[in-house]
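Please read the structure below before turning to the comments.
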Amino acid sequence: MDLDVADVAELFDISENKVYRWIKRKEIPITCVQGEYRFNQSDLIEWAMAKGIKFSPKIFQETQPIATS
């Protein structure tokens, strides 16, 4: 799941400005898609755990239903 800046701010209980500071300092794993910052869920979890940064358990929730056969 790709997350945007607002999602990341909510999951880490921080301001969007702090997320932008992390981006500017190249402290957080990001991808830029058509001029917008996107965050890969698994990369973000791994990064936060390695840095000892607390995050909301909401990060583990799927936002889209999983297709079944």
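Going by the structure tokens order, chains are called A, B, ..., each with residues numbered from 1, while ligands are numbered from 1 in the order shown.
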
Self-check item: Spatial neighbours of segment 22-32 of chain A, 12 Å, only C-alpha atoms, chain gap at least 2 places, as a PyMOL selection string
Solution: chain A and resi 2-5+8-9+14-20+34-48+50-51+53

Name the residues of chain A that come out as strand (DSSP E) in a backbone DSSP run; write them as a compact mmCIF listing (two decimals) with N, CA and C atoms, in the first residue's frame.
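After the write, out15.txt holds the following:
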# COMPACT_ATOMS: atom_id res chain seq x y z
N ASP A 2 0.60 2.17 -0.86
CA ASP A 2 1.31 3.44 -0.89
C ASP A 2 0.59 4.44 -0.01
N LEU A 3 1.36 5.20 0.73
CA LEU A 3 0.83 6.21 1.64
C LEU A 3 1.29 7.59 1.19
N THR A 31 9.24 7.73 -2.48
CA THR A 31 9.23 7.69 -3.93
C THR A 31 8.46 8.91 -4.39
N CYS A 32 8.90 9.53 -5.44
CA CYS A 32 8.18 10.67 -5.98
C CYS A 32 7.47 10.21 -7.25
N VAL A 33 6.14 10.31 -7.24
CA VAL A 33 5.33 9.89 -8.38
C VAL A 33 4.55 11.10 -8.88
N GLU A 36 4.40 13.98 -6.55
CA GLU A 36 3.86 13.75 -5.22
C GLU A 36 4.69 12.70 -4.49
N TYR A 37 4.90 12.92 -3.20
CA TYR A 37 5.65 11.96 -2.41
C TYR A 37 4.75 10.79 -2.02
N ARG A 38 5.27 9.59 -2.20
CA ARG A 38 4.56 8.36 -1.84
C ARG A 38 5.48 7.50 -0.99
N PHE A 39 4.90 6.79 -0.06
CA PHE A 39 5.64 5.97 0.87
C PHE A 39 5.14 4.54 0.78
N ASN A 40 6.07 3.60 0.62
CA ASN A 40 5.73 2.19 0.59
C ASN A 40 5.53 1.71 2.02

Practice problem: Please return as an NGL selection string: the residues of chain A that backbone DSSP assigns to helix (DSSP H, G or I). | Solution: :A and (5-12 or 16-24 or 41-51 or 57-60)

Output C-alpha atoms for every residue in the selection just made, as a PDB file, in the first residue's frame.
ATOM      1  CA  VAL A   5       2.369  12.654   3.524  1.00  0.00           C
ATOM      2  CA  ALA A   6      -0.914  13.076   5.419  1.00  0.00           C
ATOM      3  CA  ASP A   7      -1.134   9.308   6.023  1.00  0.00           C
ATOM      4  CA  VAL A   8       2.435   9.196   7.358  1.00  0.00           C
ATOM      5  CA  ALA A   9       1.833  12.169   9.649  1.00  0.00           C
ATOM      6  CA  GLU A  10      -1.250  10.481  11.085  1.00  0.00           C
ATOM      7  CA  LEU A  11       0.423   7.102  11.544  1.00  0.00           C
ATOM      8  CA  PHE A  12       3.380   8.631  13.393  1.00  0.00           C
ATOM      9  CA  GLU A  16       2.991  17.040   8.023  1.00  0.00           C
ATOM     10  CA  ASN A  17       5.764  19.644   8.359  1.00  0.00           C
ATOM     11  CA  LYS A  18       7.873  17.119  10.254  1.00  0.00           C
ATOM     12  CA  VAL A  19       7.345  14.561   7.486  1.00  0.00           C
ATOM     13  CA  TYR A  20       8.514  17.162   4.953  1.00  0.00           C
ATOM     14  CA  ARG A  21      11.598  17.841   7.111  1.00  0.00           C
ATOM     15  CA  TRP A  22      12.406  14.107   7.073  1.00  0.00           C
ATOM     16  CA  ILE A  23      11.996  14.134   3.290  1.00  0.00           C
ATOM     17  CA  LYS A  24      14.220  17.205   2.867  1.00  0.00           C
ATOM     18  CA  GLN A  41       4.057   0.629   3.616  1.00  0.00           C
ATOM     19  CA  SER A  42       6.566  -2.185   4.173  1.00  0.00           C
ATOM     20  CA  ASP A  43       9.575   0.128   3.647  1.00  0.00           C
ATOM     21  CA  LEU A  44       8.104   2.579   6.131  1.00  0.00           C
ATOM     22  CA  ILE A  45       7.517  -0.106   8.783  1.00  0.00           C
ATOM     23  CA  GLU A  46      11.046  -1.449   8.363  1.00  0.00           C
ATOM     24  CA  TRP A  47      12.523   2.071   8.543  1.00  0.00           C
ATOM     25  CA  ALA A  48      10.533   3.008  11.653  1.00  0.00           C
ATOM     26  CA  MET A  49      11.448  -0.201  13.455  1.00  0.00           C
ATOM     27  CA  ALA A  50      15.143   0.236  12.631  1.00  0.00           C
ATOM     28  CA  LYS A  51      15.043   3.820  13.948  1.00  0.00           C
ATOM     29  CA  PRO A  57      -1.002  -0.068  14.508  1.00  0.00           C
ATOM     30  CA  LYS A  58      -3.258   1.340  11.774  1.00  0.00           C
ATOM     31  CA  ILE A  59      -0.266   0.967   9.450  1.00  0.00           C
ATOM     32  CA  PHE A  60      -0.997  -2.761   9.336  1.00  0.00           C
TER      33      PHE A  60
END
